[in-house]
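J.: Pasting upload.cif here (mmCIF, C-alpha atoms and all ligand atoms):
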```cif
data_target
loop_
_atom_site.label_atom_id
_atom_site.label_comp_id
_atom_site.auth_asym_id
_atom_site.auth_seq_id
_atom_site.Cartn_x
_atom_site.Cartn_y
_atom_site.Cartn_z
CA MET A 1 184.68 205.33 138.13
CA LYS A 2 182.08 207.97 138.95
CA ALA A 3 182.90 211.64 138.46
CA LYS A 4 181.06 214.91 138.64
CA ILE A 5 181.78 217.17 135.68
CA VAL A 6 180.46 220.72 135.48
CA LEU A 7 179.82 221.89 131.91
CA LEU A 8 180.15 225.60 131.16
CA PRO A 9 179.33 225.86 127.44
CA GLY A 10 179.46 229.67 127.59
CA ASP A 11 179.08 231.84 124.50
CA GLY A 12 179.59 231.78 120.74
CA ILE A 13 180.80 228.41 119.48
CA GLY A 14 181.24 227.21 123.09
CA PRO A 15 177.95 225.27 123.27
CA GLU A 16 178.56 223.68 119.85
CA VAL A 17 181.95 222.26 120.78
CA VAL A 18 180.99 221.29 124.35
CA ARG A 19 178.10 219.23 122.94
CA GLU A 20 180.58 217.17 120.90
CA ALA A 21 182.98 216.83 123.84
CA VAL A 22 180.13 215.36 125.90
CA ARG A 23 179.44 212.80 123.17
CA VAL A 24 183.10 211.80 123.30
CA LEU A 25 183.03 211.54 127.10
CA ASP A 26 179.86 209.44 126.91
CA THR A 27 181.47 207.10 124.41
CA ILE A 28 184.44 206.69 126.76
CA ALA A 29 182.08 206.06 129.68
CA GLY A 30 180.38 203.29 127.69
CA ARG A 31 183.62 201.66 126.54
CA TYR A 32 185.36 201.72 129.93
CA SER A 33 182.36 201.47 132.28
CA HIS A 34 182.57 204.89 133.88
CA GLN A 35 179.75 207.10 134.99
CA TRP A 36 179.75 210.86 134.53
CA ASP A 37 177.38 213.04 136.47
CA TYR A 38 177.09 216.27 134.45
CA GLN A 39 175.86 219.58 135.70
CA GLU A 40 175.43 222.37 133.18
CA CYS A 41 175.81 225.98 134.37
CA LEU A 42 175.94 229.42 132.80
CA MET A 43 179.17 231.41 132.73
CA GLY A 44 180.23 234.42 130.68
CA GLY A 45 177.96 236.56 128.53
CA CYS A 46 175.04 234.14 128.80
CA SER A 47 175.26 234.42 132.60
CA ILE A 48 175.30 238.22 132.42
CA ASP A 49 172.11 238.08 130.32
CA ARG A 50 170.37 235.69 132.70
CA PHE A 51 171.66 236.64 136.15
CA GLY A 52 173.37 240.02 135.65
CA SER A 53 176.72 238.46 136.59
CA SER A 54 179.33 236.68 134.46
CA LEU A 55 179.96 234.16 137.26
CA THR A 56 177.47 233.70 140.09
CA ASP A 57 178.49 232.46 143.54
CA GLU A 58 176.32 229.38 142.98
CA THR A 59 178.10 228.46 139.75
CA LEU A 60 181.51 228.94 141.33
CA ALA A 61 180.45 226.76 144.29
CA ASP A 62 179.18 224.06 141.89
CA CYS A 63 182.52 224.14 140.06
CA GLN A 64 184.46 223.94 143.33
CA ALA A 65 182.43 220.89 144.34
CA ALA A 66 183.06 219.03 141.06
CA ASP A 67 185.87 216.74 139.97
CA ALA A 68 186.45 218.77 136.83
CA VAL A 69 185.05 221.67 134.85
CA LEU A 70 184.73 221.66 131.09
CA LEU A 71 184.47 225.12 129.55
CA GLY A 72 183.64 226.05 125.96
CA ALA A 73 184.38 229.74 125.44
CA VAL A 74 183.17 233.10 126.70
CA GLY A 75 182.67 236.54 125.21
CA GLY A 76 181.30 238.22 122.11
CA PRO A 77 180.51 241.63 120.62
CA LYS A 78 177.24 241.84 122.54
CA TRP A 79 179.15 242.24 125.82
CA ASP A 80 182.08 244.28 124.56
CA ASP A 81 181.00 247.70 125.83
CA PRO A 82 184.11 249.08 127.56
CA ALA A 83 181.91 250.93 130.08
CA ALA A 84 180.01 247.76 131.10
CA LYS A 85 180.17 246.84 134.80
CA ASP A 86 180.72 243.18 134.09
CA ARG A 87 182.29 241.36 131.17
CA PRO A 88 182.30 237.68 130.20
CA GLU A 89 186.10 237.58 130.61
CA ARG A 90 185.78 238.69 134.24
CA GLY A 91 183.81 235.53 134.94
CA LEU A 92 186.56 233.42 133.46
CA LEU A 93 189.25 235.12 135.51
CA ALA A 94 187.15 234.83 138.69
CA LEU A 95 186.63 231.14 137.95
CA ARG A 96 190.37 230.52 137.49
CA LYS A 97 191.09 232.40 140.71
CA GLY A 98 188.20 230.74 142.58
CA LEU A 99 189.39 227.28 141.61
CA GLY A 100 193.00 228.20 142.42
CA VAL A 101 194.18 226.83 139.07
CA PHE A 102 197.54 228.58 138.88
CA ALA A 103 199.06 226.53 136.08
CA ASN A 104 197.68 226.46 132.57
CA LEU A 105 199.09 223.64 130.45
CA ARG A 106 198.94 224.33 126.72
CA PRO A 107 200.46 221.55 124.64
CA VAL A 108 201.32 222.50 121.06
CA LYS A 109 201.95 219.53 118.81
CA VAL A 110 202.15 219.67 115.05
CA HIS A 111 200.45 216.75 113.36
CA PRO A 112 202.57 215.77 110.32
CA ALA A 113 199.48 215.81 108.10
CA LEU A 114 198.73 219.41 109.05
CA ILE A 115 202.14 220.87 108.32
CA ASP A 116 200.74 222.47 105.17
CA SER A 117 197.92 224.14 107.13
CA SER A 118 200.44 226.37 108.88
CA PRO A 119 201.84 229.46 107.16
CA LEU A 120 205.31 228.48 108.40
CA LYS A 121 207.84 226.62 106.26
CA PRO A 122 207.41 222.83 106.60
CA GLU A 123 211.05 222.26 107.63
CA LYS A 124 210.49 224.46 110.70
CA LEU A 125 207.48 222.47 111.80
CA ARG A 126 208.68 218.90 111.72
CA GLY A 127 208.92 217.42 115.19
CA VAL A 128 207.35 220.36 117.01
CA ASP A 129 206.06 219.19 120.39
CA ILE A 130 205.96 221.94 122.99
CA LEU A 131 204.29 222.14 126.37
CA VAL A 132 203.71 225.73 127.41
CA ILE A 133 202.92 226.24 131.09
CA ARG A 134 201.37 229.61 131.66
CA GLU A 135 201.00 231.03 135.18
CA LEU A 136 197.28 231.72 135.42
CA THR A 137 196.24 233.44 138.63
CA GLY A 138 198.76 236.24 139.06
CA GLY A 139 200.54 239.04 137.26
CA LEU A 140 198.92 241.85 135.31
CA TYR A 141 195.56 240.09 135.17
CA PHE A 142 195.05 240.29 138.92
CA GLY A 143 197.52 242.82 140.37
CA TRP A 144 196.29 245.71 142.46
CA PRO A 145 195.92 248.72 142.05
CA LYS A 146 194.09 248.55 138.78
CA GLY A 147 191.73 251.09 137.25
CA ARG A 148 191.17 254.56 135.91
CA ASP A 149 191.47 257.91 137.60
CA ARG A 150 192.46 261.50 136.90
CA LYS A 151 195.88 262.66 137.91
CA ASP A 152 197.54 266.02 137.20
CA GLY A 153 194.60 266.96 135.00
CA ARG A 154 195.04 263.86 132.87
CA GLU A 155 193.08 260.66 132.52
CA ARG A 156 195.20 257.78 133.75
CA ALA A 157 194.95 253.97 133.61
CA VAL A 158 196.85 251.60 135.86
CA ASP A 159 197.49 247.85 135.84
CA THR A 160 199.89 246.21 138.27
CA LEU A 161 202.29 243.38 137.51
CA GLU A 162 202.70 241.74 140.89
CA TYR A 163 204.06 238.34 141.85
CA TYR A 164 204.78 236.79 145.22
CA ASP A 165 207.64 234.31 145.47
CA TYR A 166 205.31 231.38 146.26
CA GLU A 167 203.23 232.07 143.15
CA VAL A 168 206.30 231.89 140.96
CA ARG A 169 207.84 228.92 142.76
CA ARG A 170 204.82 226.61 142.56
CA VAL A 171 204.35 227.01 138.81
CA ILE A 172 208.07 226.66 138.08
CA GLU A 173 208.24 223.55 140.28
CA LEU A 174 205.34 222.06 138.35
CA ALA A 175 207.13 222.86 135.09
CA PHE A 176 210.24 221.01 136.29
CA ASP A 177 208.10 218.03 137.28
CA LEU A 178 206.42 217.92 133.89
CA ALA A 179 209.76 218.30 132.10
CA LYS A 180 210.92 215.08 133.81
CA GLY A 181 208.34 213.11 131.85
CA ARG A 182 209.44 214.69 128.56
CA GLN A 183 212.77 215.63 126.99
CA ARG A 184 214.08 217.22 130.18
CA ARG A 185 214.52 220.67 128.72
CA LEU A 186 212.89 223.70 130.29
CA THR A 187 212.79 227.23 128.88
CA SER A 188 211.86 229.88 131.43
CA VAL A 189 210.60 233.02 129.71
CA ASP A 190 210.84 236.42 131.37
CA LYS A 191 211.78 240.05 130.76
CA ALA A 192 214.44 240.22 133.46
CA ASN A 193 216.33 242.99 131.65
CA VAL A 194 213.44 245.38 132.37
CA LEU A 195 210.90 244.05 134.88
CA GLU A 196 211.43 243.59 138.61
CA SER A 197 208.82 240.83 138.68
CA SER A 198 210.84 239.02 136.01
CA ARG A 199 214.01 239.32 138.07
CA LEU A 200 212.19 237.57 140.92
CA TRP A 201 210.93 235.00 138.41
CA ARG A 202 214.43 234.30 137.12
CA GLN A 203 215.93 234.12 140.61
CA ILE A 204 213.39 231.47 141.60
CA ALA A 205 213.86 229.58 138.31
CA VAL A 206 217.59 229.42 139.05
CA GLU A 207 216.91 228.18 142.61
CA VAL A 208 214.48 225.49 141.53
CA GLY A 209 216.86 224.61 138.69
CA ALA A 210 219.67 224.00 141.19
CA ALA A 211 217.47 221.46 142.95
CA ASN A 212 216.70 219.73 139.62
CA PRO A 213 220.06 219.35 137.88
CA GLU A 214 218.74 216.61 135.58
CA ILE A 215 216.67 219.20 133.72
CA ALA A 216 218.47 221.51 131.26
CA LEU A 217 217.22 224.98 132.16
CA GLU A 218 217.56 228.04 129.94
CA HIS A 219 216.31 231.58 130.44
CA VAL A 220 214.96 233.41 127.43
CA LEU A 221 213.65 236.97 127.25
CA VAL A 222 210.06 237.12 126.07
CA ASP A 223 210.81 239.08 122.90
CA THR A 224 213.43 236.51 121.91
CA ALA A 225 211.03 233.72 122.84
CA ALA A 226 208.42 235.18 120.47
CA MET A 227 211.01 235.00 117.70
CA ARG A 228 212.24 231.52 118.54
CA LEU A 229 208.71 230.14 118.49
CA ILE A 230 208.69 230.95 114.79
CA THR A 231 212.33 230.48 113.82
CA GLY A 232 213.08 227.29 115.77
CA PRO A 233 210.02 225.81 117.47
CA ALA A 234 211.27 222.23 117.24
CA ALA A 235 214.09 223.10 119.65
CA LEU A 236 211.60 223.87 122.45
CA ASP A 237 210.35 221.24 124.91
CA VAL A 238 208.73 222.71 128.04
CA VAL A 239 208.24 226.47 128.32
CA VAL A 240 207.16 228.17 131.54
CA THR A 241 206.18 231.81 131.81
CA GLU A 242 204.03 234.37 133.58
CA ASN A 243 200.38 235.03 132.83
CA MET A 244 200.42 237.75 130.16
CA PHE A 245 203.51 236.47 128.33
CA GLY A 246 201.88 233.03 128.26
CA ASP A 247 198.64 234.42 126.88
CA ILE A 248 200.44 236.07 123.99
CA LEU A 249 202.96 233.32 123.25
CA THR A 250 200.32 230.58 123.14
CA ASP A 251 198.26 232.37 120.51
CA GLU A 252 201.47 232.68 118.52
CA ALA A 253 202.29 229.01 119.11
CA SER A 254 198.85 227.94 117.92
CA VAL A 255 199.82 229.03 114.41
CA LEU A 256 202.33 226.17 114.38
CA ALA A 257 199.55 223.62 114.80
CA GLY A 258 197.72 224.83 111.72
CA SER A 259 194.68 226.20 113.53
CA MET A 260 193.82 227.57 116.91
CA GLY A 261 190.88 225.17 116.86
CA MET A 262 193.25 222.26 117.43
CA LEU A 263 194.64 223.20 120.81
CA PRO A 264 193.40 222.08 124.24
CA SER A 265 194.36 223.31 127.67
CA ALA A 266 194.25 222.18 131.26
CA SER A 267 194.34 224.52 134.24
CA LEU A 268 195.51 222.89 137.44
CA GLY A 269 196.12 223.91 141.02
CA GLN A 270 196.83 222.33 144.37
CA GLY A 271 193.18 221.44 144.70
CA ARG A 272 191.45 218.55 143.08
CA VAL A 273 189.38 220.44 140.54
CA GLY A 274 190.84 221.10 137.13
CA LEU A 275 189.47 223.43 134.49
CA TYR A 276 189.62 222.28 130.88
CA GLU A 277 189.06 224.50 127.87
CA PRO A 278 190.21 224.83 124.28
CA ILE A 279 192.51 227.81 123.77
CA HIS A 280 190.34 229.27 121.02
CA GLY A 281 187.76 231.90 121.88
CA SER A 282 184.03 232.14 121.25
CA ALA A 283 184.52 232.90 117.50
CA PRO A 284 181.31 234.96 117.14
CA ASP A 285 181.81 235.15 113.36
CA ILE A 286 181.12 231.43 112.93
CA ALA A 287 178.88 230.79 115.97
CA GLY A 288 175.65 228.93 115.22
CA LYS A 289 176.86 227.69 111.84
CA GLY A 290 177.96 224.25 113.02
CA ILE A 291 181.36 224.58 111.38
CA ALA A 292 183.65 225.11 114.38
CA ASN A 293 186.52 222.68 114.81
CA PRO A 294 185.74 220.60 117.94
CA ILE A 295 189.24 219.09 118.25
CA GLY A 296 190.65 221.58 120.78
CA MET A 297 187.61 220.91 122.96
CA ILE A 298 187.77 217.14 122.49
CA LEU A 299 191.49 217.06 123.31
CA SER A 300 190.65 219.07 126.43
CA THR A 301 188.45 216.17 127.57
CA ALA A 302 191.48 213.90 127.15
CA MET A 303 193.43 216.25 129.43
CA LEU A 304 190.53 216.15 131.90
CA LEU A 305 190.59 212.35 132.03
CA ARG A 306 194.37 212.35 132.48
CA HIS A 307 194.86 215.15 134.99
CA SER A 308 191.67 215.17 137.08
CA LEU A 309 190.68 211.50 136.95
CA ALA A 310 194.03 209.74 136.34
CA LEU A 311 192.49 207.80 133.44
CA GLU A 312 195.57 207.64 131.23
CA ALA A 313 194.39 204.87 128.90
CA GLU A 314 191.13 206.68 128.20
CA ALA A 315 192.96 209.97 127.58
CA ALA A 316 195.38 208.31 125.20
CA ALA A 317 192.49 206.62 123.38
CA ILE A 318 190.96 210.02 122.60
CA GLU A 319 194.30 211.47 121.47
CA GLN A 320 194.94 208.48 119.22
CA ALA A 321 191.45 208.74 117.73
CA VAL A 322 192.06 212.43 116.96
CA ASP A 323 195.47 211.63 115.42
CA ALA A 324 194.00 208.89 113.27
CA THR A 325 191.13 211.13 112.19
CA ILE A 326 193.54 213.82 111.02
CA SER A 327 195.76 211.24 109.34
CA GLY A 328 192.64 209.92 107.61
CA GLY A 329 192.11 213.32 105.99
CA ALA A 330 189.11 214.64 107.94
CA ARG A 331 189.17 218.45 107.93
CA THR A 332 186.93 221.21 109.24
CA ALA A 333 186.75 224.61 107.54
CA ASP A 334 189.62 226.13 109.57
CA LEU A 335 191.85 223.36 108.16
CA GLY A 336 190.64 223.91 104.62
CA GLY A 337 188.01 221.15 104.65
CA SER A 338 184.25 220.94 104.61
CA LEU A 339 183.35 218.79 107.62
CA GLY A 340 181.08 220.39 110.21
CA THR A 341 181.50 220.28 113.97
CA THR A 342 179.35 217.18 114.39
CA GLY A 343 180.85 215.50 111.33
CA MET A 344 184.35 215.87 112.73
CA ALA A 345 183.24 214.54 116.13
CA ASP A 346 181.56 211.57 114.39
CA GLU A 347 184.87 210.75 112.71
CA ILE A 348 186.68 210.81 116.04
CA ILE A 349 184.01 208.86 117.93
CA GLY A 350 184.00 206.25 115.16
CA ARG A 351 187.67 205.61 115.93
CA LEU A 352 187.32 205.32 119.69
C1 LIG B 401 192.91 232.86 127.02
C2 LIG B 401 192.06 234.04 126.71
C3 LIG B 401 191.66 234.73 128.02
C4 LIG B 401 192.94 235.19 128.69
C5 LIG B 401 190.68 235.89 127.86
C6 LIG B 401 189.40 235.43 127.20
C7 LIG B 401 190.40 236.56 129.16
O1 LIG B 401 192.71 234.90 125.84
O2 LIG B 401 192.48 231.97 127.76
O3 LIG B 401 194.05 232.81 126.53
O4 LIG B 401 193.48 236.26 128.36
O5 LIG B 401 193.43 234.48 129.57
MG MG B 402 194.52 234.15 125.09
#
```
Take the structure from the file and write it as structure tokens.
Ligand code: IPM
Ligand code: MG
T.:
Amino acid sequence: MKAKIVLLPGDGIGPEVVREAVRVLDTIAGRYSHQWDYQECLMGGCSIDRFGSSLTDETLADCQAADAVLLGAVGGPKWDDPAAKDRPERGLLALRKGLGVFANLRPVKVHPALIDSSPLKPEKLRGVDILVIRELTGGLYFGWPKGRDRKDGRERAVDTLEYYDYEVRRVIELAFDLAKGRQRRLTSVDKANVLESSRLWRQIAVEVGAANPEIALEHVLVDTAAMRLITGPAALDVVVTENMFGDILTDEASVLAGSMGMLPSASLGQGRVGLYEPIHGSAPDIAGKGIANPIGMILSTAMLLRHSLALEAEAAAIEQAVDATISGGARTADLGGSLGTTGMADEIIGRL
């Protein structure tokens, strides 16, 4: 197979982990006779520095024309000025919107050998295998109006939580589909006791649920969901929720896996192009030191092969190599070990 993959290393530790992901993809290409045509572009803070924009039209067009986009991380203290016209995060949001990737899949699996890396009690962690599906192109992140003004002599700030029925329906339908390939349990998270948008969300979840009786559907309020993620994570299978709730809950869920550095994500839409990124950020405190955990990024390449290129065997090979590497005791600093970014990738590549 031939595929065009756009690389957006971005800022902070992004370039360090993307470099290792490319080595993994190249190893897969060699083993299975595929050919990847890479194109590297700037996005985020580095793009602001170079072009004065966190995402240029050219970069977005290149991403839209690719089979898949692999993103490291964006952001850092250098671009954190609240008065700045552009921010690295704006580029990321514009990319998600521009690619139409409305569903962000964030699998959270606890490797048995990493149970002690999590601050949670071991008995809570056994058997945890959750797929969180976060709506990614709507809600508070994109709703209009948004901004600052003065009203009644006061400074005011406004964000809008807006959802159209079709935006809710398509992500919930995808969640039902994905639940069919798992344990057939779906938890829809909302705040229907307070928010109108959540009442629409729940109404549509009930409708889609009626058409999919083989899936056990439950509705959980987001505050309760935050608690259950910690008190009973093993009871969760597939979780679907709106953009902001999903952002918050997946950082919380990453604690289960022992380190945020472990977790990949895939952002999918109706279109062909998927966006693949680890859920960790640019980690400016450790950038340039070569100690970042590359596993979240490497597992994101497995998701890329599976979801954008339908290469299931290749995806599974990467996941098994990561599993075996962890079982074998390899650990980066975030997991209490001393392996560097390249050292960890070497361990994984050696098992491919
Ligand atoms: C994430 C991040 C982003 C988000 C930031 C960097 C804009 O936290 O992917 O979870 O909030 O979506
Ligand atoms: Mg986040």
J.: Which is closer to A:Arg126 than all the others in A:Ile172, A:Ala234, A:Val240, A:Ile279, using only C-alpha atoms?
T.: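 Comparing A:Ile172, A:Ala234, A:Val240, A:Ile279 against A:Arg126, the winner is A:Ala234.
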J.: Would you compute the distance between atom CA of A:Met260 and atom CA of A:Asn104? Give it in Å to one decimal.
T.: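 For atom CA of A:Met260 relative to atom CA of A:Asn104, the distance reads 16.2 Å.
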J.: Just to confirm, what's the straight-line distance from atom CA of A:Leu304 to atom CA of A:Ser265 in Å (one decimal)?
T.: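 Going from atom CA of A:Leu304 over to atom CA of A:Ser265, I get 9.2 Å.
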J.: Could you please extract the residues within 8 Å of ligand LIG 401 (chain B), counting only C-alpha atoms and all ligand atoms, and hand them back as a PyMOL selection string?
T.: chain A and resi 73-75+89-90+92-93+136+243-244+247-248+250-251+279-281
J.: I need the residue nearest A:Glu167 from this list: A:Val101, A:Leu299, A:Met43, A:Ala65. Use only C-alpha atoms for the distance.
T.: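 Going through A:Val101, A:Leu299, A:Met43, A:Ala65 one by one, the smallest distance to A:Glu167 is for A:Val101.
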J.: Choose the residue, out of A:Pro278, A:Gly258, A:Gly44, A:Pro122, that has the smallest atom-to-atom separation from ligand MG 402 (chain B); count all atoms listed in the file.
T.: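 Of all the options, A:Pro278 lies closest to ligand MG 402 (chain B).
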J.: Using all atoms listed in the file, which protein or nucleic acid residues come within 10 Å of A:Asp165? Drop anything in the same chain fewer than 3 positions from it, and give the result as an mmCIF file with C-alpha atoms, keeping the file's coordinate frame.
T.:
```cif
data_model
loop_
_atom_site.group_PDB
_atom_site.id
_atom_site.type_symbol
_atom_site.label_atom_id
_atom_site.label_comp_id
_atom_site.auth_asym_id
_atom_site.auth_seq_id
_atom_site.Cartn_x
_atom_site.Cartn_y
_atom_site.Cartn_z
ATOM 1 C CA VAL A 168 206.300 231.890 140.960
ATOM 2 C CA ARG A 169 207.840 228.920 142.760
ATOM 3 C CA ARG A 170 204.820 226.610 142.560
ATOM 4 C CA SER A 197 208.820 240.830 138.680
ATOM 5 C CA LEU A 200 212.190 237.570 140.920
ATOM 6 C CA TRP A 201 210.930 235.000 138.410
ATOM 7 C CA GLN A 203 215.930 234.120 140.610
ATOM 8 C CA ILE A 204 213.390 231.470 141.600
#
```
J.: Looking at all atoms listed in the file, which of A:Arg50, A:Leu161, A:Arg182, A:Asp177 is the one that sits closest to A:Ala211?
T.: A:Asp177
J.: Quick one, how far is atom CA of A:Leu60 from atom CA of A:Ile133?
T.: 23.9 Å
J.: List the neighbours of A:Asp49 out to 12 Å using all atoms listed in the file; skip same-chain residues closer than 6 positions along the sequence, and give me the result as a VMD selection string.
T.: chain A and resid 10 to 11 42 to 43 55 to 56 75 78 to 79 86 to 88
J.: Which residue gives the smallest distance to A:Leu305 among A:Pro213, A:Gly274, A:Pro9, A:Gly329, with only C-alpha atoms counted?
T.: A:Gly274
J.: With only C-alpha atoms as the basis for distance, which of A:Leu256, A:Leu311, A:Asn193, A:Ser282 is at the shortest distance from A:Lys2?
T.: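 Closest to A:Lys2 of all the choices is A:Leu311.
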J.: Set the distance at 10 Å and use all atoms listed in the file: which residues neighbour stretch 342-351 of chain A once local chain neighbours fewer than 4 positions away are removed? I'd like the list as a ChimeraX atom specification.
T.: /A:16-17,19-21,23-28,290-295,298,317-326,328,330-332,338
J.: Report the centre and edge lengths, in Å to one decimal, of an axis-aligned box enclosing every atom of stretch 12-22 of chain A listed in the file, padded by 4 Å on each side, as AutoDock Vina command-line options.
T.:
```
--center_x 180.5 --center_y 223.6 --center_z 122.7 --size_x 13.0 --size_y 24.4 --size_z 14.4
```
J.: Neighbours of A:Asp116 within 12 Å (all atoms listed in the file; same-chain residues fewer than 4 positions away dropped), as a PyMOL selection string?
T.: chain A and resi 110-112+120-126+255-259+335-336
J.: Residues at most 8 Å from A:Gly138, counting all atoms listed in the file, excluding those fewer than 5 positions away in the same chain, as a list in words?
T.: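 Counting all atoms listed in the file, the residues come to Phe102, Gly143, Glu162, Tyr163, Glu167, Glu242 and Asn243 of chain A.
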J.: Save the residues we just selected, C-alpha atoms, as a tab-separated table (two decimals), in the coordinates of the input?
T.:
```
chain	number	residue	atom	x	y	z
A	102	PHE	CA	197.54	228.58	138.88
A	143	GLY	CA	197.52	242.82	140.37
A	162	GLU	CA	202.70	241.74	140.89
A	163	TYR	CA	204.06	238.34	141.85
A	167	GLU	CA	203.23	232.07	143.15
A	242	GLU	CA	204.03	234.37	133.58
A	243	ASN	CA	200.38	235.03	132.83
```
J.: Some atoms are absent from stretch 128-135 of chain A, so rebuild all heavy atoms and return them as an mmCIF file, keeping the file's coordinate frame.
T.:
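The resulting file, selection-v8.cif, is reproduced below:
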```cif
data_model
loop_
_atom_site.group_PDB
_atom_site.id
_atom_site.type_symbol
_atom_site.label_atom_id
_atom_site.label_comp_id
_atom_site.auth_asym_id
_atom_site.auth_seq_id
_atom_site.Cartn_x
_atom_site.Cartn_y
_atom_site.Cartn_z
ATOM 1 N N VAL A 128 207.725 219.399 115.962
ATOM 2 C CA VAL A 128 207.350 220.360 117.010
ATOM 3 C C VAL A 128 206.432 219.705 118.039
ATOM 4 O O VAL A 128 205.400 219.117 117.694
ATOM 5 C CB VAL A 128 206.662 221.608 116.400
ATOM 6 C CG1 VAL A 128 206.030 222.459 117.498
ATOM 7 C CG2 VAL A 128 207.650 222.427 115.594
ATOM 8 N N ASP A 129 206.839 219.759 119.281
ATOM 9 C CA ASP A 129 206.060 219.190 120.390
ATOM 10 C C ASP A 129 206.433 219.977 121.642
ATOM 11 O O ASP A 129 207.430 219.684 122.297
ATOM 12 C CB ASP A 129 206.411 217.700 120.546
ATOM 13 C CG ASP A 129 205.607 217.047 121.663
ATOM 14 O OD1 ASP A 129 204.816 217.746 122.335
ATOM 15 O OD2 ASP A 129 205.791 215.831 121.879
ATOM 16 N N ILE A 130 205.646 221.004 121.900
ATOM 17 C CA ILE A 130 205.960 221.940 122.990
ATOM 18 C C ILE A 130 204.880 221.868 124.054
ATOM 19 O O ILE A 130 203.702 221.717 123.729
ATOM 20 C CB ILE A 130 206.026 223.404 122.458
ATOM 21 C CG1 ILE A 130 206.943 223.502 121.227
ATOM 22 C CG2 ILE A 130 206.481 224.381 123.534
ATOM 23 C CD1 ILE A 130 206.882 224.870 120.535
ATOM 24 N N LEU A 131 205.274 221.960 125.304
ATOM 25 C CA LEU A 131 204.290 222.140 126.370
ATOM 26 C C LEU A 131 204.525 223.504 126.994
ATOM 27 O O LEU A 131 205.563 223.728 127.630
ATOM 28 C CB LEU A 131 204.427 221.042 127.435
ATOM 29 C CG LEU A 131 203.520 221.232 128.659
ATOM 30 C CD1 LEU A 131 202.048 221.195 128.270
ATOM 31 C CD2 LEU A 131 203.814 220.178 129.721
ATOM 32 N N VAL A 132 203.587 224.423 126.778
ATOM 33 C CA VAL A 132 203.710 225.730 127.410
ATOM 34 C C VAL A 132 202.946 225.684 128.728
ATOM 35 O O VAL A 132 201.793 225.247 128.775
ATOM 36 C CB VAL A 132 203.131 226.863 126.530
ATOM 37 C CG1 VAL A 132 203.323 228.219 127.217
ATOM 38 C CG2 VAL A 132 203.791 226.874 125.157
ATOM 39 N N ILE A 133 203.595 226.126 129.791
ATOM 40 C CA ILE A 133 202.920 226.240 131.090
ATOM 41 C C ILE A 133 202.842 227.717 131.429
ATOM 42 O O ILE A 133 203.855 228.385 131.608
ATOM 43 C CB ILE A 133 203.681 225.462 132.165
ATOM 44 C CG1 ILE A 133 203.719 223.981 131.757
ATOM 45 C CG2 ILE A 133 203.009 225.621 133.533
ATOM 46 C CD1 ILE A 133 204.840 223.232 132.387
ATOM 47 N N ARG A 134 201.621 228.195 131.431
ATOM 48 C CA ARG A 134 201.370 229.610 131.660
ATOM 49 C C ARG A 134 200.870 229.801 133.094
ATOM 50 O O ARG A 134 199.897 229.151 133.496
ATOM 51 C CB ARG A 134 200.295 230.061 130.654
ATOM 52 C CG ARG A 134 199.686 231.403 130.951
ATOM 53 C CD ARG A 134 198.484 231.672 130.030
ATOM 54 N NE ARG A 134 197.851 232.933 130.381
ATOM 55 C CZ ARG A 134 196.656 233.319 129.944
ATOM 56 N NH1 ARG A 134 195.960 232.551 129.117
ATOM 57 N NH2 ARG A 134 196.151 234.468 130.322
ATOM 58 N N GLU A 135 201.510 230.684 133.844
ATOM 59 C CA GLU A 135 201.000 231.030 135.180
ATOM 60 C C GLU A 135 199.642 231.685 134.962
ATOM 61 O O GLU A 135 199.456 232.484 134.048
ATOM 62 C CB GLU A 135 201.981 232.003 135.868
ATOM 63 C CG GLU A 135 201.834 232.086 137.380
ATOM 64 C CD GLU A 135 200.559 232.748 137.871
ATOM 65 O OE1 GLU A 135 200.092 233.675 137.181
ATOM 66 O OE2 GLU A 135 200.022 232.351 138.918
#
```
